[in-house]
Amino acid sequence: AQSVSQHNHHVILSEAASLELGCNYSYGGTVNLFWYVQYPGQHLQLLLKYFSGDPLVKGIKGFEAEFIKSKFSFNLRKPSVQWSDTAEYFCAVNARGGGADGLTFGKGTHLIIQP
Amino acid sequence: DTGVSQNPRHKITKRGQNVTFRCDPISEHNRLYWYRQTLGQGPEFLTYFQNEAQLEKSRLLSDRFSAERPKGSFSTLEIQRTEQGDSAMYLCASSFRLAGGLETQYFGPGTRLLVL
């Protein structure tokens, strides 16, 4: 079974600061990787995803993530955060072709951006 | 709105009662997933359907839980004899699975259950 670890449960940044949220997973096979975001009062939305190819993927709202296979990591980055980025961020993974198609989520990172 | 919808959005029930939630997926999505999310945790997978077939159940899905997707469209999740530990947000997601195992799940707003 796969597992996902998000290193920071709470992050507080000022506007214009750079952001990096850590995500590591454990699984021996091929995986699909996702970052979802949940803005206050809203439902989970897809931020970006990695299936294959270029390990640097770009998502919505200026976010990007880099898949480093050797480190089993898929860290989320944004060069300059905005107050509107305040939200809960979840890293998720599922196994490709392994029959375990449900997503395994990390516990989430609560990001607060101070104006 | 063409997203995933869930009803009701909130449910308060007394311990021991049965509850049923409904999920309407995005049209033409062949897969439908159920998750449970408690405070401070990420969503946890419960079960999923491909069309009307239930393909996988998590060990979290006790025998008090049952899910159906009778015509391969909407799905229902029923909890019998609710317990206080069942209090959580129940999330539904749908996807269209492509060849090679590629799919993206899109989530609904959830049903928040409180068992008193």
# chains A, B, ... in the order shown; residues from 1 in each chain; ligands from 1
call {"tool": "interface_residues", "arguments": {"of": "chain A", "to": "chain B", "cutoff": "7 Å", "atoms": "only C-alpha atoms", "output": "number ranges by chain"}}
result
A: 42-45, 90, 96-97, 102-108
call {"tool": "write_last_selection", "arguments": {"atoms": "all heavy atoms", "output": "short mmCIF file (atom, residue, chain, number, x, y, z; two decimals), in the first residue's frame"}}
result
data_model
loop_
_atom_site.label_atom_id
_atom_site.label_comp_id
_atom_site.auth_asym_id
_atom_site.auth_seq_id
_atom_site.Cartn_x
_atom_site.Cartn_y
_atom_site.Cartn_z
N GLN A 42 -14.71 26.06 0.22
CA GLN A 42 -14.89 25.48 -1.11
C GLN A 42 -14.46 24.01 -1.11
O GLN A 42 -13.90 23.51 -0.15
CB GLN A 42 -14.07 26.25 -2.14
CG GLN A 42 -14.51 27.69 -2.30
CD GLN A 42 -13.79 28.39 -3.43
OE1 GLN A 42 -13.35 27.74 -4.40
NE2 GLN A 42 -13.66 29.70 -3.32
N HIS A 43 -14.75 23.32 -2.21
CA HIS A 43 -14.39 21.91 -2.27
C HIS A 43 -13.00 21.72 -2.87
O HIS A 43 -12.39 22.69 -3.37
CB HIS A 43 -15.44 21.13 -3.08
CG HIS A 43 -15.59 21.60 -4.49
ND1 HIS A 43 -16.37 22.68 -4.83
CD2 HIS A 43 -15.08 21.13 -5.64
CE1 HIS A 43 -16.32 22.84 -6.14
NE2 HIS A 43 -15.55 21.92 -6.65
N LEU A 44 -12.50 20.52 -2.78
CA LEU A 44 -11.18 20.18 -3.31
C LEU A 44 -11.12 20.46 -4.81
O LEU A 44 -11.99 20.03 -5.56
CB LEU A 44 -10.89 18.71 -3.08
CG LEU A 44 -10.32 18.30 -1.74
CD1 LEU A 44 -10.36 16.79 -1.59
CD2 LEU A 44 -8.91 18.81 -1.57
N GLN A 45 -10.06 21.15 -5.21
CA GLN A 45 -9.86 21.44 -6.63
C GLN A 45 -8.47 20.96 -7.04
O GLN A 45 -7.53 21.05 -6.27
CB GLN A 45 -9.94 22.95 -6.89
CG GLN A 45 -11.26 23.57 -6.51
CD GLN A 45 -11.21 25.08 -6.62
OE1 GLN A 45 -10.55 25.63 -7.52
NE2 GLN A 45 -11.89 25.77 -5.73
N PHE A 90 -3.23 19.58 -0.43
CA PHE A 90 -3.10 18.14 -0.24
C PHE A 90 -2.32 17.53 -1.40
O PHE A 90 -2.63 17.77 -2.57
CB PHE A 90 -4.48 17.48 -0.19
CG PHE A 90 -5.30 17.84 1.01
CD1 PHE A 90 -6.23 18.87 0.94
CD2 PHE A 90 -5.15 17.17 2.21
CE1 PHE A 90 -7.01 19.22 2.04
CE2 PHE A 90 -5.92 17.50 3.32
CZ PHE A 90 -6.83 18.53 3.24
N ARG A 96 -0.49 3.23 -10.59
CA ARG A 96 -0.95 3.05 -11.95
C ARG A 96 -0.89 1.58 -12.31
O ARG A 96 0.19 0.98 -12.31
CB ARG A 96 -0.10 3.86 -12.93
CG ARG A 96 -0.72 3.93 -14.32
CD ARG A 96 0.15 4.65 -15.28
NE ARG A 96 0.62 5.92 -14.80
CZ ARG A 96 1.56 6.63 -15.41
NH1 ARG A 96 2.09 6.18 -16.51
NH2 ARG A 96 1.95 7.77 -14.92
N GLY A 97 -2.07 1.03 -12.56
CA GLY A 97 -2.11 -0.35 -13.01
C GLY A 97 -1.97 -1.36 -11.90
O GLY A 97 -1.92 -2.56 -12.17
N GLY A 102 -7.84 4.11 -5.78
CA GLY A 102 -8.22 5.19 -4.90
C GLY A 102 -7.00 6.04 -4.58
O GLY A 102 -5.88 5.54 -4.47
N LEU A 103 -7.21 7.33 -4.45
CA LEU A 103 -6.11 8.22 -4.09
C LEU A 103 -5.74 8.06 -2.63
O LEU A 103 -6.61 7.91 -1.77
CB LEU A 103 -6.51 9.67 -4.34
CG LEU A 103 -6.65 10.10 -5.80
CD1 LEU A 103 -7.31 11.47 -5.89
CD2 LEU A 103 -5.31 10.10 -6.49
N THR A 104 -4.43 8.10 -2.36
CA THR A 104 -3.93 8.18 -0.99
C THR A 104 -3.45 9.60 -0.79
O THR A 104 -2.61 10.10 -1.54
CB THR A 104 -2.78 7.19 -0.76
OG1 THR A 104 -3.26 5.87 -0.97
CG2 THR A 104 -2.25 7.32 0.66
N PHE A 105 -4.00 10.27 0.21
CA PHE A 105 -3.70 11.67 0.47
C PHE A 105 -2.75 11.81 1.65
O PHE A 105 -2.74 10.99 2.57
CB PHE A 105 -4.98 12.43 0.83
CG PHE A 105 -5.86 12.76 -0.35
CD1 PHE A 105 -6.76 11.83 -0.84
CD2 PHE A 105 -5.80 14.01 -0.94
CE1 PHE A 105 -7.58 12.13 -1.91
CE2 PHE A 105 -6.62 14.33 -2.01
CZ PHE A 105 -7.51 13.38 -2.50
N GLY A 106 -1.98 12.89 1.62
CA GLY A 106 -1.28 13.31 2.82
C GLY A 106 -2.24 14.01 3.75
O GLY A 106 -3.41 14.22 3.42
N LYS A 107 -1.75 14.40 4.92
CA LYS A 107 -2.62 15.03 5.92
C LYS A 107 -2.93 16.49 5.60
O LYS A 107 -3.78 17.09 6.24
CB LYS A 107 -1.98 14.93 7.30
CG LYS A 107 -1.96 13.51 7.84
CD LYS A 107 -1.51 13.47 9.29
CE LYS A 107 -1.61 12.05 9.83
NZ LYS A 107 -1.23 11.97 11.26
N GLY A 108 -2.23 17.03 4.64
CA GLY A 108 -2.51 18.40 4.24
C GLY A 108 -1.59 19.41 4.89
O GLY A 108 -1.03 19.18 5.96
#
call {"tool": "select_by_dssp", "arguments": {"residues": "stretch 27-105 of chain B", "states": "strand (DSSP E or B)", "output": "VMD selection string"}}
result
chain B and resid 31 to 37 44 to 50 53 to 57 65 to 68 75 to 79 88 to 95
call {"tool": "residues_around", "arguments": {"residues": "A:Val4", "least_positions_apart": "4", "cutoff": "8 Å", "atoms": "only C-alpha atoms", "output": "ChimeraX atom specification"}}
result
/A:23-26,91-93,104-106
call {"tool": "residues_around", "arguments": {"residues": "B:Asp63", "least_positions_apart": "2", "cutoff": "12 Å", "atoms": "only C-alpha atoms", "output": "VMD selection string"}}
result
chain B and resid 57 to 61 65 to 67 78 to 82
call {"tool": "write_last_selection", "arguments": {"atoms": "N, CA and C atoms", "output": "PDB file, in the first residue's frame"}}
result
ATOM      1  N   LYS B  57     -12.961  -1.993  -2.222  1.00  0.00           N
ATOM      2  CA  LYS B  57     -13.447  -1.468  -0.948  1.00  0.00           C
ATOM      3  C   LYS B  57     -12.274  -1.364   0.002  1.00  0.00           C
ATOM      4  N   SER B  58     -12.205  -0.261   0.709  1.00  0.00           N
ATOM      5  CA  SER B  58     -11.185  -0.094   1.721  1.00  0.00           C
ATOM      6  C   SER B  58     -11.570  -0.873   2.976  1.00  0.00           C
ATOM      7  N   ARG B  59     -10.559  -1.189   3.780  1.00  0.00           N
ATOM      8  CA  ARG B  59     -10.846  -1.829   5.067  1.00  0.00           C
ATOM      9  C   ARG B  59     -11.596  -0.883   6.003  1.00  0.00           C
ATOM     10  N   LEU B  60     -11.582   0.418   5.657  1.00  0.00           N
ATOM     11  CA  LEU B  60     -12.331   1.394   6.450  1.00  0.00           C
ATOM     12  C   LEU B  60     -13.831   1.207   6.287  1.00  0.00           C
ATOM     13  N   LEU B  61     -14.231   0.551   5.209  1.00  0.00           N
ATOM     14  CA  LEU B  61     -15.649   0.395   4.902  1.00  0.00           C
ATOM     15  C   LEU B  61     -16.190  -0.808   5.680  1.00  0.00           C
ATOM     16  N   PHE B  65     -21.562   0.027   6.254  1.00  0.00           N
ATOM     17  CA  PHE B  65     -21.535   0.912   5.093  1.00  0.00           C
ATOM     18  C   PHE B  65     -21.868   0.105   3.840  1.00  0.00           C
ATOM     19  N   SER B  66     -22.678   0.684   2.990  1.00  0.00           N
ATOM     20  CA  SER B  66     -22.922   0.062   1.689  1.00  0.00           C
ATOM     21  C   SER B  66     -23.057   1.152   0.647  1.00  0.00           C
ATOM     22  N   ALA B  67     -22.537   0.879  -0.521  1.00  0.00           N
ATOM     23  CA  ALA B  67     -22.598   1.838  -1.613  1.00  0.00           C
ATOM     24  C   ALA B  67     -23.147   1.148  -2.847  1.00  0.00           C
ATOM     25  N   GLU B  78     -24.806   4.466   1.988  1.00  0.00           N
ATOM     26  CA  GLU B  78     -25.669   4.325   3.156  1.00  0.00           C
ATOM     27  C   GLU B  78     -24.840   3.883   4.344  1.00  0.00           C
ATOM     28  N   ILE B  79     -25.113   4.494   5.476  1.00  0.00           N
ATOM     29  CA  ILE B  79     -24.505   4.077   6.738  1.00  0.00           C
ATOM     30  C   ILE B  79     -25.636   3.624   7.648  1.00  0.00           C
ATOM     31  N   GLN B  80     -25.563   2.398   8.070  1.00  0.00           N
ATOM     32  CA  GLN B  80     -26.587   1.865   8.982  1.00  0.00           C
ATOM     33  C   GLN B  80     -26.089   1.953  10.416  1.00  0.00           C
ATOM     34  N   ARG B  81     -27.040   2.132  11.310  1.00  0.00           N
ATOM     35  CA  ARG B  81     -26.733   2.154  12.749  1.00  0.00           C
ATOM     36  C   ARG B  81     -25.542   3.081  13.026  1.00  0.00           C
ATOM     37  N   THR B  82     -25.714   4.339  12.676  1.00  0.00           N
ATOM     38  CA  THR B  82     -24.609   5.288  12.775  1.00  0.00           C
ATOM     39  C   THR B  82     -24.034   5.352  14.179  1.00  0.00           C
TER      40      THR B  82
END
call {"tool": "residues_around", "arguments": {"residues": "A:Glu88", "least_positions_apart": "6", "cutoff": "7 Å", "atoms": "only C-alpha atoms", "output": "PyMOL selection string"}}
result
chain A and resi 37-39+108-111
call {"tool": "write_last_selection", "arguments": {"atoms": "N, CA and C atoms", "output": "tab-separated table (two decimals), in the first residue's frame"}}
result
chain	number	residue	atom	x	y	z
A	37	VAL	N	-6.08	21.56	-3.91
A	37	VAL	CA	-6.18	22.70	-3.01
A	37	VAL	C	-7.63	22.86	-2.56
A	38	GLN	N	-7.79	23.25	-1.33
A	38	GLN	CA	-9.13	23.51	-0.79
A	38	GLN	C	-9.14	24.90	-0.20
A	39	TYR	N	-9.76	25.84	-0.91
A	39	TYR	CA	-9.88	27.20	-0.41
A	39	TYR	C	-10.98	27.24	0.66
A	108	GLY	N	-2.23	17.03	4.64
A	108	GLY	CA	-2.51	18.40	4.24
A	108	GLY	C	-1.59	19.41	4.89
A	109	THR	N	-1.43	20.54	4.21
A	109	THR	CA	-0.69	21.68	4.76
A	109	THR	C	-1.61	22.88	4.74
A	110	HIS	N	-1.79	23.46	5.91
A	110	HIS	CA	-2.61	24.65	6.01
A	110	HIS	C	-1.72	25.87	5.78
A	111	LEU	N	-1.91	26.55	4.68
A	111	LEU	CA	-1.10	27.70	4.31
A	111	LEU	C	-1.86	28.99	4.60
call {"tool": "atom_distance", "arguments": {"atom1": "atom CA of B:Arg112", "atom2": "atom CA of B:Asp86"}}
result
10.3 Å
call {"tool": "closest_residue", "arguments": {"among": "A:Ser18, A:Ser5, A:Asn94, A:Ser52", "to": "A:Pro79", "atoms": "only C-alpha atoms"}}
result
A:Ser18
call {"tool": "residues_around", "arguments": {"residues": "B:Thr76", "least_positions_apart": "6", "cutoff": "10 Å", "atoms": "only C-alpha atoms", "output": "ChimeraX atom specification"}}
result
/B:6-7,20-24,34,66-70,92
call {"tool": "write_last_selection", "arguments": {"atoms": "N, CA and C atoms", "output": "CSV table (one decimal), in the first residue's frame"}}
result
chain,number,residue,atom,x,y,z
B,6,GLN,N,-23.4,16.7,-4.6
B,6,GLN,CA,-23.7,15.8,-3.5
B,6,GLN,C,-24.8,16.3,-2.7
B,7,ASN,N,-25.7,15.4,-2.3
B,7,ASN,CA,-26.8,15.8,-1.5
B,7,ASN,C,-27.0,14.8,-0.4
B,20,THR,N,-28.4,8.1,4.3
B,20,THR,CA,-28.0,7.9,2.9
B,20,THR,C,-27.6,9.2,2.3
B,21,PHE,N,-26.5,9.1,1.5
B,21,PHE,CA,-26.0,10.2,0.8
B,21,PHE,C,-26.1,9.9,-0.7
B,22,ARG,N,-26.2,11.0,-1.5
B,22,ARG,CA,-26.2,10.8,-2.9
B,22,ARG,C,-25.1,11.6,-3.6
B,23,CYS,N,-24.6,11.0,-4.6
B,23,CYS,CA,-23.5,11.7,-5.4
B,23,CYS,C,-23.9,11.6,-6.9
B,24,ASP,N,-23.9,12.7,-7.6
B,24,ASP,CA,-24.1,12.8,-9.0
B,24,ASP,C,-22.8,13.2,-9.7
B,34,TRP,N,-15.8,7.2,-3.5
B,34,TRP,CA,-16.2,7.8,-2.2
B,34,TRP,C,-15.0,7.8,-1.2
B,66,SER,N,-22.7,0.7,3.0
B,66,SER,CA,-22.9,0.1,1.7
B,66,SER,C,-23.1,1.2,0.6
B,67,ALA,N,-22.5,0.9,-0.5
B,67,ALA,CA,-22.6,1.8,-1.6
B,67,ALA,C,-23.1,1.1,-2.8
B,68,GLU,N,-23.9,1.9,-3.6
B,68,GLU,CA,-24.4,1.4,-4.9
B,68,GLU,C,-24.3,2.4,-6.0
B,69,ARG,N,-24.3,1.9,-7.2
B,69,ARG,CA,-24.3,2.8,-8.4
B,69,ARG,C,-25.1,2.0,-9.4
B,70,PRO,N,-26.4,1.9,-9.2
B,70,PRO,CA,-27.3,1.0,-9.9
B,70,PRO,C,-27.3,1.1,-11.4
B,92,CYS,N,-17.3,12.7,-2.6
B,92,CYS,CA,-17.5,11.9,-3.8
B,92,CYS,C,-16.6,12.5,-4.9
call {"tool": "atom_distance", "arguments": {"atom1": "atom CA of B:Leu113", "atom2": "atom CA of B:Gly3"}}
result
21.3 Å
call {"tool": "atom_distance", "arguments": {"atom1": "atom CA of B:Pro8", "atom2": "atom CA of A:Tyr89"}}
result
25.0 Å
call {"tool": "residues_around", "arguments": {"residues": "A:Ile12", "least_positions_apart": "5", "cutoff": "10 Å", "atoms": "only C-alpha atoms", "output": "PDB file with all heavy atoms, in the first residue's frame"}}
result
ATOM      1  N   LEU A  19       7.260  29.951  -1.979  1.00  0.00           N
ATOM      2  CA  LEU A  19       6.634  28.828  -1.283  1.00  0.00           C
ATOM      3  C   LEU A  19       7.200  27.507  -1.798  1.00  0.00           C
ATOM      4  O   LEU A  19       7.387  27.329  -3.004  1.00  0.00           O
ATOM      5  CB  LEU A  19       5.124  28.834  -1.539  1.00  0.00           C
ATOM      6  CG  LEU A  19       4.340  27.597  -1.090  1.00  0.00           C
ATOM      7  CD1 LEU A  19       4.254  27.533   0.431  1.00  0.00           C
ATOM      8  CD2 LEU A  19       2.948  27.607  -1.708  1.00  0.00           C
ATOM      9  N   THR A  86      -4.149  31.527   0.438  1.00  0.00           N
ATOM     10  CA  THR A  86      -4.487  30.946   1.734  1.00  0.00           C
ATOM     11  C   THR A  86      -5.472  29.802   1.532  1.00  0.00           C
ATOM     12  O   THR A  86      -6.556  29.985   0.965  1.00  0.00           O
ATOM     13  CB  THR A  86      -5.121  32.016   2.646  1.00  0.00           C
ATOM     14  OG1 THR A  86      -4.128  32.993   2.954  1.00  0.00           O
ATOM     15  CG2 THR A  86      -5.637  31.400   3.943  1.00  0.00           C
ATOM     16  N   HIS A 110      -1.786  23.464   5.910  1.00  0.00           N
ATOM     17  CA  HIS A 110      -2.611  24.652   6.009  1.00  0.00           C
ATOM     18  C   HIS A 110      -1.723  25.870   5.778  1.00  0.00           C
ATOM     19  O   HIS A 110      -0.850  26.165   6.605  1.00  0.00           O
ATOM     20  CB  HIS A 110      -3.280  24.711   7.384  1.00  0.00           C
ATOM     21  CG  HIS A 110      -4.283  25.806   7.500  1.00  0.00           C
ATOM     22  ND1 HIS A 110      -4.745  26.282   8.712  1.00  0.00           N
ATOM     23  CD2 HIS A 110      -4.918  26.551   6.556  1.00  0.00           C
ATOM     24  CE1 HIS A 110      -5.619  27.246   8.502  1.00  0.00           C
ATOM     25  NE2 HIS A 110      -5.737  27.422   7.213  1.00  0.00           N
ATOM     26  N   LEU A 111      -1.912  26.551   4.683  1.00  0.00           N
ATOM     27  CA  LEU A 111      -1.098  27.704   4.306  1.00  0.00           C
ATOM     28  C   LEU A 111      -1.862  28.992   4.596  1.00  0.00           C
ATOM     29  O   LEU A 111      -2.975  29.179   4.123  1.00  0.00           O
ATOM     30  CB  LEU A 111      -0.745  27.640   2.818  1.00  0.00           C
ATOM     31  CG  LEU A 111       0.021  28.828   2.252  1.00  0.00           C
ATOM     32  CD1 LEU A 111       1.408  28.927   2.875  1.00  0.00           C
ATOM     33  CD2 LEU A 111       0.127  28.728   0.739  1.00  0.00           C
ATOM     34  N   ILE A 112      -1.220  29.868   5.350  1.00  0.00           N
ATOM     35  CA  ILE A 112      -1.802  31.185   5.630  1.00  0.00           C
ATOM     36  C   ILE A 112      -0.864  32.237   5.070  1.00  0.00           C
ATOM     37  O   ILE A 112       0.334  32.252   5.399  1.00  0.00           O
ATOM     38  CB  ILE A 112      -1.998  31.394   7.144  1.00  0.00           C
ATOM     39  CG1 ILE A 112      -3.015  30.380   7.677  1.00  0.00           C
ATOM     40  CG2 ILE A 112      -2.454  32.826   7.432  1.00  0.00           C
ATOM     41  CD1 ILE A 112      -3.166  30.418   9.196  1.00  0.00           C
ATOM     42  N   ILE A 113      -1.406  33.105   4.223  1.00  0.00           N
ATOM     43  CA  ILE A 113      -0.627  34.203   3.658  1.00  0.00           C
ATOM     44  C   ILE A 113      -1.062  35.503   4.328  1.00  0.00           C
ATOM     45  O   ILE A 113      -2.245  35.867   4.286  1.00  0.00           O
ATOM     46  CB  ILE A 113      -0.822  34.311   2.144  1.00  0.00           C
ATOM     47  CG1 ILE A 113      -0.522  32.972   1.466  1.00  0.00           C
ATOM     48  CG2 ILE A 113       0.078  35.432   1.586  1.00  0.00           C
ATOM     49  CD1 ILE A 113       0.883  32.451   1.689  1.00  0.00           C
ATOM     50  N   GLN A 114      -0.102  36.152   4.943  1.00  0.00           N
ATOM     51  CA  GLN A 114      -0.392  37.409   5.628  1.00  0.00           C
ATOM     52  C   GLN A 114      -0.196  38.570   4.660  1.00  0.00           C
ATOM     53  O   GLN A 114       0.807  38.626   3.961  1.00  0.00           O
ATOM     54  CB  GLN A 114       0.537  37.564   6.841  1.00  0.00           C
ATOM     55  CG  GLN A 114       0.298  36.507   7.898  1.00  0.00           C
ATOM     56  CD  GLN A 114       1.272  36.610   9.058  1.00  0.00           C
ATOM     57  OE1 GLN A 114       2.412  37.010   8.865  1.00  0.00           O
ATOM     58  NE2 GLN A 114       0.818  36.252  10.240  1.00  0.00           N
TER      59      GLN A 114
END
call {"tool": "decode", "arguments": {"residues": "stretch 52-64 of chain B", "atoms": "N, CA, C and O atoms", "output": "PDB file, in the first residue's frame"}}
result
ATOM      1  N   GLU B  52     -21.311   0.450 -13.182  1.00  0.00           N
ATOM      2  CA  GLU B  52     -22.117   0.017 -12.031  1.00  0.00           C
ATOM      3  C   GLU B  52     -21.393  -0.991 -11.145  1.00  0.00           C
ATOM      4  O   GLU B  52     -21.903  -1.373 -10.083  1.00  0.00           O
ATOM      5  N   ALA B  53     -20.210  -1.411 -11.528  1.00  0.00           N
ATOM      6  CA  ALA B  53     -19.476  -2.426 -10.766  1.00  0.00           C
ATOM      7  C   ALA B  53     -18.624  -1.800  -9.667  1.00  0.00           C
ATOM      8  O   ALA B  53     -17.826  -0.887  -9.927  1.00  0.00           O
ATOM      9  N   GLN B  54     -18.789  -2.319  -8.458  1.00  0.00           N
ATOM     10  CA  GLN B  54     -17.968  -1.864  -7.338  1.00  0.00           C
ATOM     11  C   GLN B  54     -16.668  -2.667  -7.369  1.00  0.00           C
ATOM     12  O   GLN B  54     -16.677  -3.881  -7.149  1.00  0.00           O
ATOM     13  N   LEU B  55     -15.543  -1.995  -7.629  1.00  0.00           N
ATOM     14  CA  LEU B  55     -14.289  -2.695  -7.885  1.00  0.00           C
ATOM     15  C   LEU B  55     -13.376  -2.831  -6.680  1.00  0.00           C
ATOM     16  O   LEU B  55     -12.519  -3.710  -6.651  1.00  0.00           O
ATOM     17  N   GLU B  56     -13.494  -1.926  -5.728  1.00  0.00           N
ATOM     18  CA  GLU B  56     -12.566  -1.966  -4.603  1.00  0.00           C
ATOM     19  C   GLU B  56     -13.225  -1.379  -3.372  1.00  0.00           C
ATOM     20  O   GLU B  56     -13.970  -0.398  -3.464  1.00  0.00           O
ATOM     21  N   LYS B  57     -12.961  -1.993  -2.222  1.00  0.00           N
ATOM     22  CA  LYS B  57     -13.447  -1.468  -0.948  1.00  0.00           C
ATOM     23  C   LYS B  57     -12.274  -1.364   0.002  1.00  0.00           C
ATOM     24  O   LYS B  57     -11.475  -2.299   0.135  1.00  0.00           O
ATOM     25  N   SER B  58     -12.205  -0.261   0.709  1.00  0.00           N
ATOM     26  CA  SER B  58     -11.185  -0.094   1.721  1.00  0.00           C
ATOM     27  C   SER B  58     -11.570  -0.873   2.976  1.00  0.00           C
ATOM     28  O   SER B  58     -12.747  -1.111   3.242  1.00  0.00           O
ATOM     29  N   ARG B  59     -10.559  -1.189   3.780  1.00  0.00           N
ATOM     30  CA  ARG B  59     -10.846  -1.829   5.067  1.00  0.00           C
ATOM     31  C   ARG B  59     -11.596  -0.883   6.003  1.00  0.00           C
ATOM     32  O   ARG B  59     -12.176  -1.298   6.997  1.00  0.00           O
ATOM     33  N   LEU B  60     -11.582   0.418   5.657  1.00  0.00           N
ATOM     34  CA  LEU B  60     -12.331   1.394   6.450  1.00  0.00           C
ATOM     35  C   LEU B  60     -13.831   1.207   6.287  1.00  0.00           C
ATOM     36  O   LEU B  60     -14.617   1.671   7.113  1.00  0.00           O
ATOM     37  N   LEU B  61     -14.231   0.551   5.209  1.00  0.00           N
ATOM     38  CA  LEU B  61     -15.649   0.395   4.902  1.00  0.00           C
ATOM     39  C   LEU B  61     -16.190  -0.808   5.680  1.00  0.00           C
ATOM     40  O   LEU B  61     -16.166  -1.936   5.186  1.00  0.00           O
ATOM     41  N   SER B  62     -16.691  -0.523   6.886  1.00  0.00           N
ATOM     42  CA  SER B  62     -17.222  -1.623   7.698  1.00  0.00           C
ATOM     43  C   SER B  62     -18.519  -2.140   7.095  1.00  0.00           C
ATOM     44  O   SER B  62     -19.061  -1.570   6.141  1.00  0.00           O
ATOM     45  N   ASP B  63     -19.039  -3.235   7.686  1.00  0.00           N
ATOM     46  CA  ASP B  63     -20.257  -3.830   7.129  1.00  0.00           C
ATOM     47  C   ASP B  63     -21.485  -2.966   7.370  1.00  0.00           C
ATOM     48  O   ASP B  63     -22.573  -3.270   6.862  1.00  0.00           O
ATOM     49  N   ARG B  64     -21.335  -1.885   8.111  1.00  0.00           N
ATOM     50  CA  ARG B  64     -22.466  -0.954   8.271  1.00  0.00           C
ATOM     51  C   ARG B  64     -22.588  -0.008   7.074  1.00  0.00           C
ATOM     52  O   ARG B  64     -23.574   0.700   6.935  1.00  0.00           O
TER      53      ARG B  64
END
